[in-house]
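> Here you go, one structure.
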Amino acid sequence: MKTYKIAIIAGDGTGPEVIREGLKVMEASASKYSFKLNTHSYDFGGERYLRTKEILPDSAIDELKTFDAIYLGAIGHPEVKPGILEKGILLRLRFDLDQYINLRPVTLYDERFCPLKNKKPQDIDFVVVRENSEGLYKGLGEFQNKGMANEVAIQISHNTRKGVERCVRYAFEYTRQHGKKKKLTLCGKTNVLTFAFDLWERTFYEVAKEYPDVKTEYTHVDATTMWFVKNPEWFDVIVTDNMFGDIITDLGAMIQGGMGIAAGGNINPQGVSMFEPIGGSAPKYTGQNIINPLAAVCAGAMLLRQMGENKAADSIEETVKDVVRSKLMDLAAGKMGYSTSQVGDLVVEGLK
Ligand code: IPM
Ligand code: MN
């Protein structure tokens with residue numbers, strides 16, 4: 001029987017609660033579709049850091065490279081200064097494992113949960129391909145005269161031809177294979193960021209020549225946010241840099257019904273990928289069994305798809321859609337009409 005070796009980093013806050021449900025669903029799917037999950041848990045996160053001052057040992061990176069995939073809950077702890085865990089765990093994993101794509105589907109399952117007027121599931125169904133290894137996230141820059149009246153803080157967006165091209169190429173390939181409209185939109189800011197997005201635009205249209213079957217389009221990032229609200233039905237696949245991708249995918253999560261349902265994959269097509277609900281650790285809901293686990297469940301489906309278990313992934317996604325449509329009163333924590341574990345159970349039941 002096919003066995004996948006999965007590293008679990010449940011992490012902080014509600015991470016462990018949603019990962020538990022995600023694993024429950026993945027296990028049910030594994031027995032239905034005849035494969036096995038061999039999981040190993042790591043306790044990286046805020047609690048471990050506060051206890052031991054250790055964030056992520058170097059040996060962990062080497063160990064994680066031996067897995068087929070990583071399933072991550074959430075990173076971020078209210079008692080730890082913002083940035084330490086995010087940079088030290090989440091961003092470090094993305095960078096060191098060279099997960100250069102952050103794939104974030106935006107799918108509305110039920111119009112009741114869309115904050116936009118008159119938008120239906122067929123109107124909100126697109127994917128953002130966010131560059132995940134460069135840009136402003138590279139951490140380049142400096143302070144000059146820190147703390148003085150003439151202080152300068154410089155933060156550099158670092159874009160390499162190689163980094164941009166591999167991301168753009170992935171997006172074209174993804175659009176060719178999965179795009180419903182076979183349309184790829186480059187989201188940038190060529191009118192102001194005349195170095196970074198000049199490179200992005202040139203690369204985009206050069207690679208486009210190899211994909212005559214894919215329609216291309218360019219939108220500025222500010223206009224993109226406007227169209228997410230006004231005409232989300234225009235989009236199919238969007239490719240953008242790390243920072244813009246971070247911002248527009250939170251807006252994307254809102255129009256698909258909120259953080260409770262938004263999943264993402266940090267993908268290294270040649271290496272180890274990591275799948276996570278994109279909502280964060282939600283400390284105020286921790287331990288109450290009221291957080292929505294469906295984002296984690298959908299991240300689990302993306303993980304299985306990456307393993308090549310497409311039927312398993314499809315059936316989880318279909319079941320989630322069904323549960324959202326026929327059972328849940330709301331997608332937000334505490335308003336679902338069911339507890340976290342009951343929602344997991346509903347999906348497991350639905351899979352049978
Ligand atoms: C995300 C998060 C992270 C990011 C943070 C926690 C570092 O917002 O996954 O979108 O900015 O990438
Ligand atoms: Mn974000």
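Each chain of the structure tokens is named A, B, ... in the order shown, its residues numbered from 1; ligands are numbered from 1 in display order.
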Around ligand 1, out to 7 Å and counting only C-alpha atoms and all ligand atoms, which residues are there? I want them as a CSV table (one decimal) with C-alpha atoms, in the first residue's frame.

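Saved file selection.csv follows:
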chain,number,residue,atom,x,y,z
A,75,ILE,CA,2.4,29.9,14.1
A,86,GLU,CA,6.7,33.9,12.1
A,87,LYS,CA,10.2,34.6,10.8
A,90,LEU,CA,7.0,29.7,9.1
A,91,LEU,CA,9.2,31.9,6.9
A,246,ASP,CA,0.0,38.1,1.1
A,278,ILE,CA,-4.0,30.6,6.3
A,280,GLY,CA,-3.3,32.1,11.9
> Please identify all protein, DNA and RNA residues within 9 Å of ligand 2, counting only C-alpha atoms and all ligand atoms, and report them as a PyMOL selection string.
chain A and resi 243+245-250+278-280
> May I have the residues within 8 Å of region 298-307 of chain A as a list of chain:residue names, using only C-alpha atoms and disregarding those fewer than 2 positions away in the same chain?
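Those residues are A:Tyr4, A:Gly22, A:Leu23, A:Met26, A:Asp68, A:Ala69, A:Tyr71, A:Ile261, A:Ala262, A:Ala263, A:Gly264, A:Gly265, A:Met274, A:Phe275, A:Glu276, A:Pro277, A:Leu294, A:Ala295, A:Ala296, A:Glu309, A:Asn310, A:Ala312, A:Ala313, A:Asp314, A:Ile316, A:Glu317, A:Val320.
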> Calculated over only C-alpha atoms, which of the candidates A:Lys181, A:Asp241, A:Glu63, A:Val18 has the smallest distance to Lys138 (chain A)?
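Selected residue with least distance to Lys138 (chain A): A:Asp241.
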> I need the residue nearest Leu186 (chain A) from this list: A:His77, A:Leu72, A:Val207, A:Ile238. Use only C-alpha atoms for the distance.
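Among the listed residues, A:Ile238 lies closest to Leu186 (chain A).
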> I'd like to know which residues of region 247-342 of chain A are alpha helix (DSSP H) (by DSSP, run on the backbone); could you write them as an MDAnalysis selection string?
chainID A and resid 247:255 294:306 310:326 340:342
